[in-house]
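Quick look at coords.cif (mmCIF, C-alpha atoms):
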```cif
data_start
#
loop_
_atom_site.label_atom_id
_atom_site.label_comp_id
_atom_site.auth_asym_id
_atom_site.auth_seq_id
_atom_site.Cartn_x
_atom_site.Cartn_y
_atom_site.Cartn_z
CA MET D 1 0.00 0.00 0.00
CA SER D 2 1.32 3.42 -0.95
CA THR D 3 1.50 5.91 1.91
CA THR D 4 3.28 9.24 1.66
CA GLN D 5 6.05 8.71 -0.88
CA PRO D 6 6.31 11.76 -3.17
CA ALA D 7 4.80 11.16 -6.58
CA GLN D 8 6.67 12.10 -9.71
CA ARG D 9 5.01 14.45 -12.13
CA PRO D 10 3.44 12.20 -14.79
CA ASP D 11 4.68 12.39 -18.35
CA SER D 12 1.36 11.95 -20.15
CA LYS D 13 -2.14 13.32 -19.72
CA PRO D 14 -5.62 12.07 -20.56
CA SER D 15 -6.61 12.63 -24.16
CA ASN D 16 -9.91 13.89 -22.78
CA PRO D 17 -9.68 15.34 -19.25
CA LYS D 18 -13.44 15.96 -18.94
CA PHE D 19 -14.78 14.15 -15.87
CA SER D 20 -17.76 16.38 -15.08
CA SER D 21 -20.83 14.77 -13.51
CA GLY D 22 -23.16 16.72 -15.77
CA PRO D 23 -23.24 17.70 -18.48
CA CYS D 24 -20.92 14.74 -18.94
CA THR D 25 -18.32 14.21 -21.63
CA LYS D 26 -19.57 13.36 -25.11
CA PRO D 27 -19.24 9.87 -26.60
CA PRO D 28 -15.63 9.40 -27.70
CA THR D 29 -16.54 9.36 -31.42
CA TRP D 30 -18.53 12.59 -31.20
CA THR D 31 -17.64 15.64 -33.30
CA PRO D 32 -19.79 18.67 -34.20
CA ASP D 33 -20.34 16.97 -37.55
CA ALA D 34 -22.54 14.47 -35.68
CA LEU D 35 -25.24 17.15 -35.64
CA ARG D 36 -25.24 17.88 -39.37
CA GLN D 37 -28.61 16.15 -39.89
CA ALA D 38 -30.41 17.99 -37.07
CA PRO D 39 -33.68 19.47 -38.39
CA LEU D 40 -32.81 23.00 -37.33
CA GLY D 41 -35.30 25.71 -38.13
CA ARG D 42 -38.05 23.13 -38.47
CA SER D 43 -41.04 22.75 -36.21
CA HIS D 44 -40.94 19.90 -33.74
CA ARG D 45 -44.55 19.34 -34.80
CA ALA D 46 -43.52 18.80 -38.43
CA ALA D 47 -43.07 15.25 -39.64
CA VAL D 48 -39.26 15.52 -39.55
CA GLY D 49 -39.21 16.80 -35.96
CA LYS D 50 -41.84 14.46 -34.62
CA GLY D 51 -40.19 11.56 -36.40
CA LEU D 52 -36.86 12.25 -34.68
CA LEU D 53 -38.57 12.52 -31.30
CA GLN D 54 -40.41 9.24 -31.89
CA SER D 55 -37.15 7.60 -32.94
CA VAL D 56 -35.25 8.52 -29.78
CA ILE D 57 -38.23 7.57 -27.60
CA GLY D 58 -38.33 4.14 -29.22
CA MET D 59 -34.56 3.66 -29.05
CA THR D 60 -34.53 4.67 -25.39
CA GLY D 61 -37.20 2.17 -24.44
CA ARG D 62 -35.61 -0.68 -26.38
CA MET D 63 -32.09 -0.08 -25.12
CA LEU D 64 -33.16 0.21 -21.49
CA GLY D 65 -35.41 -2.84 -21.73
CA VAL D 66 -38.50 -0.87 -20.73
CA PRO D 67 -41.61 -3.09 -20.79
CA GLU D 68 -43.84 -2.54 -23.81
CA ASP D 69 -46.78 -1.46 -21.68
CA TYR D 70 -44.78 1.37 -20.07
CA LYS D 71 -44.77 4.90 -21.49
CA VAL D 72 -41.56 6.77 -22.41
CA GLY D 73 -41.74 10.52 -22.92
CA ILE D 74 -39.50 13.56 -23.32
CA VAL D 75 -40.28 16.43 -20.96
CA PRO D 76 -38.82 19.88 -20.23
CA ALA D 77 -36.42 21.02 -17.50
CA SER D 78 -34.08 18.04 -17.37
CA ASP D 79 -34.41 15.37 -14.67
CA THR D 80 -35.62 17.99 -12.21
CA GLY D 81 -38.61 18.77 -14.39
CA ALA D 82 -39.42 15.08 -14.82
CA VAL D 83 -39.29 14.34 -11.07
CA GLU D 84 -41.32 17.40 -10.15
CA MET D 85 -43.89 16.66 -12.86
CA ALA D 86 -44.41 13.20 -11.36
CA MET D 87 -44.57 14.36 -7.74
CA TRP D 88 -46.91 17.27 -8.36
CA SER D 89 -49.22 15.16 -10.53
CA MET D 90 -49.38 11.92 -8.52
CA LEU D 91 -48.62 12.50 -4.83
CA GLY D 92 -51.35 13.13 -2.30
CA ALA D 93 -53.56 10.19 -3.21
CA ARG D 94 -52.15 8.07 -0.38
CA PRO D 95 -49.50 8.43 2.35
CA CYS D 96 -46.02 9.26 1.11
CA THR D 97 -42.48 8.28 2.12
CA MET D 98 -39.47 10.35 1.09
CA LEU D 99 -35.98 8.79 1.10
CA ALA D 100 -32.92 11.01 0.94
CA TRP D 101 -29.20 10.38 1.30
CA GLU D 102 -27.77 13.24 -0.76
CA SER D 103 -28.63 16.74 -1.94
CA PHE D 104 -31.03 15.99 -4.79
CA GLY D 105 -33.07 13.58 -2.70
CA ALA D 106 -33.16 16.26 -0.01
CA GLY D 107 -34.49 18.66 -2.64
CA TRP D 108 -37.40 16.36 -3.40
CA VAL D 109 -38.17 16.29 0.33
CA THR D 110 -38.35 20.08 0.31
CA ASP D 111 -40.73 20.01 -2.65
CA VAL D 112 -43.10 17.60 -0.98
CA VAL D 113 -43.01 18.86 2.60
CA LYS D 114 -42.68 22.61 2.12
CA GLN D 115 -44.28 23.21 -1.28
CA LEU D 116 -46.95 20.52 -1.56
CA LYS D 117 -47.25 20.54 2.25
CA LEU D 118 -47.81 16.80 2.50
CA ASP D 119 -47.37 15.05 5.83
CA ALA D 120 -44.74 12.69 4.46
CA MET D 121 -42.65 10.16 6.31
CA VAL D 122 -39.07 11.35 5.75
CA THR D 123 -36.17 8.91 6.11
CA THR D 124 -32.64 10.15 5.60
CA ALA D 125 -29.06 8.93 5.82
CA GLU D 126 -25.72 10.70 5.93
CA TYR D 127 -23.58 11.10 2.82
CA GLY D 128 -21.92 7.78 2.10
CA GLU D 129 -24.74 5.67 3.54
CA LEU D 130 -28.17 4.38 2.60
CA PRO D 131 -31.19 4.37 4.91
CA ASP D 132 -32.49 0.95 5.93
CA LEU D 133 -34.68 0.20 2.92
CA GLY D 134 -36.03 -2.88 4.66
CA THR D 135 -38.00 -0.69 7.06
CA VAL D 136 -39.73 1.32 4.32
CA ASP D 137 -43.49 0.96 4.01
CA TRP D 138 -43.82 0.30 0.30
CA ASN D 139 -47.60 0.52 0.57
CA THR D 140 -47.04 4.26 0.70
CA ASP D 141 -45.89 6.20 -2.34
CA VAL D 142 -42.09 6.20 -2.12
CA VAL D 143 -39.85 8.82 -3.74
CA PHE D 144 -36.12 8.12 -3.92
CA THR D 145 -32.98 8.44 -6.02
CA TRP D 146 -31.50 5.23 -7.38
CA ASN D 147 -27.99 6.62 -7.60
CA GLY D 148 -26.99 9.59 -5.47
CA THR D 149 -25.07 11.80 -7.89
CA THR D 150 -23.63 13.93 -5.10
CA SER D 151 -22.87 11.08 -2.67
CA GLY D 152 -21.79 8.26 -4.98
CA VAL D 153 -24.15 5.85 -3.19
CA ARG D 154 -26.64 3.71 -5.10
CA VAL D 155 -29.40 1.24 -4.33
CA PRO D 156 -27.74 -2.17 -4.86
CA SER D 157 -30.87 -3.88 -6.18
CA GLY D 158 -34.64 -3.74 -6.21
CA ASP D 159 -35.03 -6.91 -4.14
CA VAL D 160 -36.31 -4.99 -1.13
CA ILE D 161 -39.23 -3.51 -3.11
CA PRO D 162 -42.23 -5.89 -2.97
CA ALA D 163 -43.97 -6.79 -6.20
CA ASP D 164 -47.37 -6.56 -4.49
CA ARG D 165 -46.82 -3.04 -3.08
CA ALA D 166 -49.87 -0.79 -2.92
CA GLY D 167 -47.96 2.46 -3.35
CA LEU D 168 -46.13 3.90 -6.32
CA THR D 169 -42.35 3.98 -6.54
CA ILE D 170 -41.09 7.25 -8.01
CA CYS D 171 -37.41 6.82 -8.84
CA ASP D 172 -34.97 9.55 -9.85
CA ALA D 173 -32.54 7.46 -11.91
CA THR D 174 -30.65 10.25 -13.60
CA SER D 175 -27.13 8.96 -12.89
CA ALA D 176 -28.16 5.32 -13.08
CA ALA D 177 -30.01 4.94 -16.39
CA PHE D 178 -27.81 3.28 -19.04
CA ALA D 179 -25.14 2.33 -16.45
CA GLN D 180 -26.94 0.33 -13.75
CA ASP D 181 -29.64 -2.35 -13.71
CA LEU D 182 -33.10 -0.88 -13.16
CA PRO D 183 -35.75 -3.43 -12.10
CA TRP D 184 -38.69 -2.19 -14.14
CA ASP D 185 -41.23 -4.40 -12.39
CA LYS D 186 -40.35 -2.63 -9.12
CA LEU D 187 -40.45 0.93 -10.51
CA ASP D 188 -43.56 2.88 -11.46
CA VAL D 189 -42.04 6.23 -12.38
CA VAL D 190 -38.47 6.54 -13.62
CA THR D 191 -36.83 9.83 -14.56
CA PHE D 192 -33.45 10.79 -15.92
CA SER D 193 -31.63 13.29 -18.07
CA TRP D 194 -29.64 12.22 -21.11
CA GLN D 195 -26.90 14.68 -20.12
CA LYS D 196 -25.53 12.07 -17.70
CA VAL D 197 -24.51 8.59 -18.87
CA MET D 198 -25.19 9.35 -22.54
CA GLY D 199 -23.23 12.62 -22.55
CA GLY D 200 -26.08 14.63 -24.09
CA GLU D 201 -26.81 18.32 -23.72
CA GLY D 202 -28.83 19.65 -20.78
CA ALA D 203 -32.42 20.91 -20.39
CA HIS D 204 -34.38 17.79 -21.44
CA GLY D 205 -35.76 15.08 -19.18
CA VAL D 206 -37.12 11.61 -19.78
CA LEU D 207 -40.20 10.38 -17.92
CA ILE D 208 -41.12 6.68 -17.91
CA LEU D 209 -44.49 5.53 -16.50
CA SER D 210 -45.75 2.08 -15.58
CA PRO D 211 -49.39 1.13 -16.11
CA ARG D 212 -49.90 1.67 -12.35
CA ALA D 213 -48.60 5.22 -12.69
CA VAL D 214 -50.91 5.87 -15.63
CA GLU D 215 -53.83 4.54 -13.61
CA ARG D 216 -52.99 6.96 -10.80
CA LEU D 217 -52.86 9.88 -13.21
CA GLU D 218 -56.24 9.00 -14.70
CA SER D 219 -57.99 8.34 -11.38
CA TYR D 220 -56.63 11.11 -9.16
CA THR D 221 -56.76 14.89 -9.30
CA PRO D 222 -54.37 16.73 -6.94
CA ALA D 223 -55.76 19.31 -4.55
CA TRP D 224 -53.34 21.97 -5.81
CA PRO D 225 -53.30 23.75 -9.17
CA LEU D 226 -50.90 22.33 -11.76
CA PRO D 227 -48.87 24.55 -14.09
CA LYS D 228 -49.31 23.69 -17.75
CA ILE D 229 -45.78 22.34 -17.91
CA PHE D 230 -46.69 19.65 -15.31
CA ARG D 231 -49.99 18.50 -16.81
CA LEU D 232 -49.94 14.91 -17.99
CA THR D 233 -53.68 14.42 -18.37
CA LYS D 234 -56.58 16.13 -20.09
CA GLY D 235 -60.19 15.33 -19.32
CA GLY D 236 -59.10 12.57 -16.97
CA LYS D 237 -57.06 10.77 -19.62
CA LEU D 238 -53.31 10.55 -20.16
CA ILE D 239 -52.04 12.90 -22.85
CA ASP D 240 -50.60 10.12 -25.00
CA GLY D 241 -48.98 12.57 -27.37
CA ILE D 242 -46.28 13.33 -24.81
CA PHE D 243 -45.14 9.73 -25.18
CA GLU D 244 -45.41 9.74 -28.95
CA GLY D 245 -43.20 12.71 -29.77
CA ALA D 246 -45.65 15.56 -29.16
CA THR D 247 -43.80 17.32 -26.34
CA ILE D 248 -45.42 19.69 -23.84
CA ASN D 249 -43.20 22.57 -24.94
CA THR D 250 -40.70 23.17 -27.72
CA PRO D 251 -37.63 20.94 -27.43
CA SER D 252 -34.23 21.72 -28.92
CA MET D 253 -34.00 19.59 -32.03
CA LEU D 254 -30.23 20.08 -31.89
CA CYS D 255 -30.17 18.43 -28.45
CA VAL D 256 -32.50 15.66 -29.60
CA GLU D 257 -30.22 14.94 -32.57
CA ASP D 258 -27.27 14.92 -30.19
CA TYR D 259 -29.00 12.31 -28.01
CA HIS D 260 -29.89 10.32 -31.12
CA PHE D 261 -26.19 10.18 -32.00
CA ALA D 262 -25.35 8.94 -28.49
CA LEU D 263 -27.96 6.19 -28.75
CA GLU D 264 -26.58 5.07 -32.10
CA TRP D 265 -23.06 5.07 -30.64
CA ALA D 266 -24.27 2.90 -27.77
CA GLU D 267 -25.95 0.49 -30.18
CA SER D 268 -22.71 0.21 -32.14
CA LEU D 269 -20.93 -0.92 -28.97
CA GLY D 270 -23.47 -3.61 -28.15
CA GLY D 271 -26.15 -1.65 -26.30
CA LEU D 272 -26.88 -1.72 -22.60
CA PRO D 273 -24.44 -4.50 -21.58
CA ALA D 274 -21.57 -2.61 -23.22
CA LEU D 275 -22.52 0.64 -21.49
CA HIS D 276 -22.66 -1.12 -18.12
CA ALA D 277 -19.29 -2.75 -18.73
CA ARG D 278 -17.61 0.53 -19.64
CA ALA D 279 -18.88 2.27 -16.49
CA ASP D 280 -17.93 -0.72 -14.33
CA ALA D 281 -14.37 -0.79 -15.71
CA ASN D 282 -13.92 2.95 -15.23
CA ALA D 283 -15.15 2.87 -11.66
CA GLN D 284 -13.09 -0.22 -10.82
CA ALA D 285 -9.92 1.56 -11.90
CA VAL D 286 -10.65 4.35 -9.43
CA TRP D 287 -11.57 1.90 -6.66
CA ASP D 288 -8.35 -0.04 -7.19
CA PHE D 289 -6.38 3.21 -7.04
CA CYS D 290 -7.97 4.05 -3.68
CA ASP D 291 -7.46 0.54 -2.31
CA ALA D 292 -3.73 0.86 -2.95
CA ARG D 293 -3.44 4.09 -0.94
CA ASN D 294 -4.16 5.02 2.64
CA TRP D 295 -4.92 8.70 2.04
CA ILE D 296 -8.07 8.42 -0.07
CA GLU D 297 -11.27 6.37 0.18
CA ASN D 298 -14.62 5.92 -1.48
CA LEU D 299 -17.28 8.03 0.23
CA ALA D 300 -19.68 5.07 0.07
CA VAL D 301 -19.35 3.13 3.32
CA ASP D 302 -20.63 -0.19 1.96
CA PRO D 303 -18.84 -1.40 -1.20
CA ALA D 304 -22.12 -2.92 -2.41
CA THR D 305 -23.59 0.57 -2.68
CA ARG D 306 -20.72 2.22 -4.56
CA SER D 307 -21.79 4.12 -7.65
CA ASN D 308 -20.13 3.12 -10.91
CA THR D 309 -20.88 6.51 -12.46
CA SER D 310 -20.58 9.33 -9.92
CA VAL D 311 -17.59 8.08 -7.93
CA CYS D 312 -17.24 10.24 -4.82
CA LEU D 313 -13.99 10.18 -2.83
CA LYS D 314 -12.74 11.58 0.46
CA PHE D 315 -9.23 12.35 1.65
CA THR D 316 -8.26 10.59 4.88
CA ASP D 317 -4.67 11.67 5.52
CA PRO D 318 -4.39 12.96 9.11
CA ARG D 319 -1.97 15.69 8.03
CA ILE D 320 -4.70 17.54 6.14
CA GLN D 321 -5.54 20.63 8.18
CA ASP D 322 -8.54 22.01 6.28
CA GLY D 323 -10.40 19.30 4.37
CA ALA D 324 -12.47 21.63 2.19
CA ALA D 325 -9.54 23.86 1.25
CA PHE D 326 -7.30 20.86 0.56
CA ALA D 327 -9.84 19.16 -1.71
CA LYS D 328 -10.43 22.38 -3.66
CA ALA D 329 -6.69 22.86 -4.07
CA VAL D 330 -6.22 19.34 -5.45
CA ALA D 331 -9.12 19.82 -7.90
CA LYS D 332 -7.72 23.18 -8.97
CA ARG D 333 -4.26 21.75 -9.50
CA LEU D 334 -5.70 18.98 -11.67
CA MET D 335 -7.66 21.53 -13.68
CA THR D 336 -4.68 23.86 -14.11
CA GLU D 337 -2.62 20.96 -15.44
CA HIS D 338 -5.44 19.96 -17.82
CA ALA D 339 -5.35 16.54 -16.18
CA ALA D 340 -8.96 16.55 -14.92
CA PHE D 341 -11.72 19.12 -15.20
CA ASP D 342 -14.67 19.54 -12.81
CA VAL D 343 -13.77 16.87 -10.25
CA GLY D 344 -14.50 18.79 -7.06
CA SER D 345 -17.20 17.40 -4.80
CA TYR D 346 -20.69 18.87 -4.98
CA ARG D 347 -21.13 22.03 -2.92
CA ASP D 348 -23.42 20.38 -0.34
CA ALA D 349 -21.40 17.16 -0.10
CA PRO D 350 -18.48 16.42 2.24
CA PRO D 351 -15.13 17.78 1.01
CA GLY D 352 -13.48 15.54 -1.53
CA LEU D 353 -13.56 14.68 -5.22
CA ARG D 354 -16.21 13.43 -7.61
CA ILE D 355 -15.01 11.63 -10.71
CA TRP D 356 -17.53 10.79 -13.40
CA CYS D 357 -16.99 7.25 -14.68
CA GLY D 358 -20.01 6.85 -16.94
CA ALA D 359 -19.95 5.02 -20.25
CA THR D 360 -18.85 7.96 -22.41
CA VAL D 361 -15.57 8.15 -20.46
CA GLU D 362 -12.68 6.15 -21.87
CA LEU D 363 -10.86 3.82 -19.48
CA SER D 364 -7.54 5.02 -20.90
CA ASP D 365 -8.39 8.55 -19.77
CA ILE D 366 -9.20 7.37 -16.24
CA GLU D 367 -5.92 5.46 -16.16
CA ALA D 368 -3.99 8.50 -17.40
CA MET D 369 -5.68 10.81 -14.89
CA LEU D 370 -5.03 8.77 -11.75
CA PRO D 371 -1.24 9.31 -11.63
CA TRP D 372 -1.97 13.02 -11.77
CA LEU D 373 -4.27 12.66 -8.78
CA ASP D 374 -1.44 10.93 -6.95
CA TRP D 375 0.93 13.75 -7.89
CA ALA D 376 -1.57 16.51 -7.01
CA PHE D 377 -2.23 15.04 -3.57
CA HIS D 378 1.45 14.95 -2.65
CA ALA D 379 2.06 18.38 -4.15
CA GLU D 380 -0.67 19.85 -1.95
CA ILE D 381 0.62 18.02 1.12
CA ASP D 382 4.02 19.58 0.45
CA ALA D 383 2.48 23.02 -0.15
CA GLN D 384 0.57 22.76 3.12
CA ALA D 385 3.77 21.92 5.00
CA VAL D 386 5.57 24.91 3.48
CA ALA D 387 2.70 27.25 4.36
CA ALA D 388 2.75 26.03 7.95
#
```
This entry written out as structure tokens:
Amino acid sequence: MSTTQPAQRPDSKPSNPKFSSGPCTKPPTWTPDALRQAPLGRSHRAAVGKGLLQSVIGMTGRMLGVPEDYKVGIVPASDTGAVEMAMWSMLGARPCTMLAWESFGAGWVTDVVKQLKLDAMVTTAEYGELPDLGTVDWNTDVVFTWNGTTSGVRVPSGDVIPADRAGLTICDATSAAFAQDLPWDKLDVVTFSWQKVMGGEGAHGVLILSPRAVERLESYTPAWPLPKIFRLTKGGKLIDGIFEGATINTPSMLCVEDYHFALEWAESLGGLPALHARADANAQAVWDFCDARNWIENLAVDPATRSNTSVCLKFTDPRIQDGAAFAKAVAKRLMTEHAAFDVGSYRDAPPGLRIWCGATVELSDIEAMLPWLDWAFHAEIDAQAVAA
């Protein structure tokens, strides 16, 4: 195990040092020329626009293995818009449970408790941990993130969710979709943004509904007014057009074409299994790096819950005097050297690093970046000693 031996300045750098957790790096074969066929200046209601929207909806469902009786739609405002659309349209029909173990899950709690003013059961866990999912009453409506983007902690499986539950499961899967197994029979509402694992542009969300979710929408009217942008029904019936390419508001056809390219790239690799394998290999390289050193660890306490996309790390060296300042200095040094961009931890998370390892990242870039992390750590330790 490496301890405190000074690290030599590496000779080579990643070909692509972009490790942001969103928007994430583009697929490795992407160039601006990938967008040459985008129907710019055309209405999304025209045949060419609607056809492209229908194409990406169909490709998304097939690649993710979404059951045929589920609905896949494109909605505004990224994953946030998709989650809020579901909560504002469906919650309130029965008791509700909110699960949170990182900042975005905590944001959904705020929506439900302070904005919708529902008397929800709120169960939380500290960063790096999961709440005890075995104690959750799944006969209530349960809202949770599958993969905590800001904590690097994911639900290991859907085994704990009963098939005969009475409540709906509303799952924010934005950093999990395309990289982790999603048990569709256990999930009624799934949301994500294609800016994560697929490396697409921001501002668009994907909303996936089970037949149970559709039944809730068509049988329940919330007590509060719904903005137009959240309305999924009309006259008590689901607005099917949303799930057939007729979006609620005007989408960017440039962004849709960009996502279409990413889906085609994924298909060329072998689809979902290939995407999972790429994320797994990237994350494993980071985990192995940490296991070989005693000054850095995965933020996830239980290895079974480690994210393979948003890998969150913490520094553990006792010589570090100010954890937040030290982590920022390491991230800045990596950025200045063009060895890794945007790897600081999320502002609400514990001090540390967050390295995106999703499928659009090349393993060779992870492997080229890690020696720079080794070097940056020791350089900051030395700088701290000089300043003292």
**Asked** Which residue out of D:Ser12, D:Thr336, D:Ser310, D:Gln37 has the minimum interatomic distance to Lys196 in chain D when only C-alpha atoms are used?
**Response**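 Closest to Lys196 in chain D of all the choices is D:Ser310.
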Separating CA of Cys24 in chain D from CA of Met198 in chain D, to the nearest tenth of an Å, is a gap of 7.8 Å
* Asked: Pick the closest to Gly92 in chain D from D:Pro14, D:Gly51, D:Gly158, D:Pro222: which is it, counting only C-alpha atoms?
  ->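 Distance minimum relative to Gly92 in chain D lands on D:Pro222.
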Under the PyMOL selection byres ((chain D and resi 372) around 10), which residues of this model are included? Write them out as a PDB file with C-alpha atoms, in the frame of the given file.
```
ATOM      1  CA  ALA D   7       4.800  11.160  -6.580  1.00  0.00           C
ATOM      2  CA  GLN D   8       6.670  12.100  -9.710  1.00  0.00           C
ATOM      3  CA  ARG D   9       5.010  14.450 -12.130  1.00  0.00           C
ATOM      4  CA  PRO D  10       3.440  12.200 -14.790  1.00  0.00           C
ATOM      5  CA  ASP D  11       4.680  12.390 -18.350  1.00  0.00           C
ATOM      6  CA  SER D  12       1.360  11.950 -20.150  1.00  0.00           C
ATOM      7  CA  LYS D  13      -2.140  13.320 -19.720  1.00  0.00           C
ATOM      8  CA  PRO D  14      -5.620  12.070 -20.560  1.00  0.00           C
ATOM      9  CA  VAL D 330      -6.220  19.340  -5.450  1.00  0.00           C
ATOM     10  CA  ARG D 333      -4.260  21.750  -9.500  1.00  0.00           C
ATOM     11  CA  LEU D 334      -5.700  18.980 -11.670  1.00  0.00           C
ATOM     12  CA  GLU D 337      -2.620  20.960 -15.440  1.00  0.00           C
ATOM     13  CA  HIS D 338      -5.440  19.960 -17.820  1.00  0.00           C
ATOM     14  CA  ALA D 339      -5.350  16.540 -16.180  1.00  0.00           C
ATOM     15  CA  ALA D 340      -8.960  16.550 -14.920  1.00  0.00           C
ATOM     16  CA  GLU D 367      -5.920   5.460 -16.160  1.00  0.00           C
ATOM     17  CA  ALA D 368      -3.990   8.500 -17.400  1.00  0.00           C
ATOM     18  CA  MET D 369      -5.680  10.810 -14.890  1.00  0.00           C
ATOM     19  CA  LEU D 370      -5.030   8.770 -11.750  1.00  0.00           C
ATOM     20  CA  PRO D 371      -1.240   9.310 -11.630  1.00  0.00           C
ATOM     21  CA  LEU D 373      -4.270  12.660  -8.780  1.00  0.00           C
ATOM     22  CA  ASP D 374      -1.440  10.930  -6.950  1.00  0.00           C
ATOM     23  CA  TRP D 375       0.930  13.750  -7.890  1.00  0.00           C
ATOM     24  CA  ALA D 376      -1.570  16.510  -7.010  1.00  0.00           C
ATOM     25  CA  PHE D 377      -2.230  15.040  -3.570  1.00  0.00           C
ATOM     26  CA  HIS D 378       1.450  14.950  -2.650  1.00  0.00           C
TER      27      HIS D 378
END
```
I'd like the residues picked by the PyMOL selection byres ((chain D and resi 61) around 12) written out as number ranges by chain, using the chain letters and numbers from the file. D: 54-60, 62-74, 177-178, 184, 190, 206-209, 243, 263, 271-272
Let me see the file: selected residues, C-alpha atoms, as a PDB file, in the coordinates of the input.
```pdb
ATOM      1  CA  GLN D  54     -40.410   9.240 -31.890  1.00  0.00           C
ATOM      2  CA  SER D  55     -37.150   7.600 -32.940  1.00  0.00           C
ATOM      3  CA  VAL D  56     -35.250   8.520 -29.780  1.00  0.00           C
ATOM      4  CA  ILE D  57     -38.230   7.570 -27.600  1.00  0.00           C
ATOM      5  CA  GLY D  58     -38.330   4.140 -29.220  1.00  0.00           C
ATOM      6  CA  MET D  59     -34.560   3.660 -29.050  1.00  0.00           C
ATOM      7  CA  THR D  60     -34.530   4.670 -25.390  1.00  0.00           C
ATOM      8  CA  ARG D  62     -35.610  -0.680 -26.380  1.00  0.00           C
ATOM      9  CA  MET D  63     -32.090  -0.080 -25.120  1.00  0.00           C
ATOM     10  CA  LEU D  64     -33.160   0.210 -21.490  1.00  0.00           C
ATOM     11  CA  GLY D  65     -35.410  -2.840 -21.730  1.00  0.00           C
ATOM     12  CA  VAL D  66     -38.500  -0.870 -20.730  1.00  0.00           C
ATOM     13  CA  PRO D  67     -41.610  -3.090 -20.790  1.00  0.00           C
ATOM     14  CA  GLU D  68     -43.840  -2.540 -23.810  1.00  0.00           C
ATOM     15  CA  ASP D  69     -46.780  -1.460 -21.680  1.00  0.00           C
ATOM     16  CA  TYR D  70     -44.780   1.370 -20.070  1.00  0.00           C
ATOM     17  CA  LYS D  71     -44.770   4.900 -21.490  1.00  0.00           C
ATOM     18  CA  VAL D  72     -41.560   6.770 -22.410  1.00  0.00           C
ATOM     19  CA  GLY D  73     -41.740  10.520 -22.920  1.00  0.00           C
ATOM     20  CA  ILE D  74     -39.500  13.560 -23.320  1.00  0.00           C
ATOM     21  CA  ALA D 177     -30.010   4.940 -16.390  1.00  0.00           C
ATOM     22  CA  PHE D 178     -27.810   3.280 -19.040  1.00  0.00           C
ATOM     23  CA  TRP D 184     -38.690  -2.190 -14.140  1.00  0.00           C
ATOM     24  CA  VAL D 190     -38.470   6.540 -13.620  1.00  0.00           C
ATOM     25  CA  VAL D 206     -37.120  11.610 -19.780  1.00  0.00           C
ATOM     26  CA  LEU D 207     -40.200  10.380 -17.920  1.00  0.00           C
ATOM     27  CA  ILE D 208     -41.120   6.680 -17.910  1.00  0.00           C
ATOM     28  CA  LEU D 209     -44.490   5.530 -16.500  1.00  0.00           C
ATOM     29  CA  PHE D 243     -45.140   9.730 -25.180  1.00  0.00           C
ATOM     30  CA  LEU D 263     -27.960   6.190 -28.750  1.00  0.00           C
ATOM     31  CA  GLY D 271     -26.150  -1.650 -26.300  1.00  0.00           C
ATOM     32  CA  LEU D 272     -26.880  -1.720 -22.600  1.00  0.00           C
TER      33      LEU D 272
END
```
Point to revise | Using all atoms listed in the file: which of D:Ala93, D:Ala387, D:Ala163, D:Leu35 has the shortest distance to Gly200 in chain D | key: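 Among the listed residues, D:Leu35 lies closest to Gly200 in chain D.
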Kindly resolve the PyMOL selection byres ((chain D and resi 274) around 12) on the present coordinates and return the residues as a compact mmCIF listing (two decimals) with C-alpha atoms, in the frame of the given file.
```txt
# COMPACT_ATOMS: atom_id res chain seq x y z
CA MET D 63 -32.09 -0.08 -25.12
CA PHE D 178 -27.81 3.28 -19.04
CA ALA D 179 -25.14 2.33 -16.45
CA GLN D 180 -26.94 0.33 -13.75
CA TRP D 265 -23.06 5.07 -30.64
CA ALA D 266 -24.27 2.90 -27.77
CA GLU D 267 -25.95 0.49 -30.18
CA SER D 268 -22.71 0.21 -32.14
CA LEU D 269 -20.93 -0.92 -28.97
CA GLY D 270 -23.47 -3.61 -28.15
CA GLY D 271 -26.15 -1.65 -26.30
CA LEU D 272 -26.88 -1.72 -22.60
CA PRO D 273 -24.44 -4.50 -21.58
CA LEU D 275 -22.52 0.64 -21.49
CA HIS D 276 -22.66 -1.12 -18.12
CA ALA D 277 -19.29 -2.75 -18.73
CA ARG D 278 -17.61 0.53 -19.64
CA ALA D 279 -18.88 2.27 -16.49
CA ASP D 280 -17.93 -0.72 -14.33
CA ALA D 281 -14.37 -0.79 -15.71
CA GLY D 358 -20.01 6.85 -16.94
CA ALA D 359 -19.95 5.02 -20.25
CA THR D 360 -18.85 7.96 -22.41
```
Exercise for the section: Would you work out the distance separating CA of Ala213 in chain D from CA of Ala82 in chain D, expressed in Å to one decimal? Expected result: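 That distance, rounded to one decimal, is 13.6 Å.
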- prompt: If I put a ball of radius 10 Å at (-18.3, 4.4, 4.0) in the file's coordinates, which residues poke into it when counting all atoms listed in the file, written as an MDAnalysis selection string?
  reply: chainID D and resid 126:130 153 297:303 305:306 313:314
Determine the nearest neighbour of Pro76 in chain D from the options D:Ala388, D:Leu40, D:Ile248, D:Leu226, counting all atoms listed in the file.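 Counting all atoms listed in the file, the residue closest to Pro76 in chain D is D:Ile248.
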Residue nearest Thr31 in chain D among D:Phe261, D:Trp224, D:Met87, D:Ser219 (counting only C-alpha atoms):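 Answer, going by the shortest atom-to-atom distance: D:Phe261.
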Could you work out how far CA of Asp164 in chain D lies from CA of Val136 in chain D, giving the answer in Å with one decimal?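 Taking CA of Val136 in chain D and CA of Asp164 in chain D, their separation equals 14.1 Å.
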Give me the residues near Val109 in chain D as number ranges by chain, where near means some atom within 10 Å (using all atoms listed in the file) and where sequence neighbours in that chain fewer than 6 positions away do not count. D: 97-100, 103, 115-116, 118, 120-124, 143-144
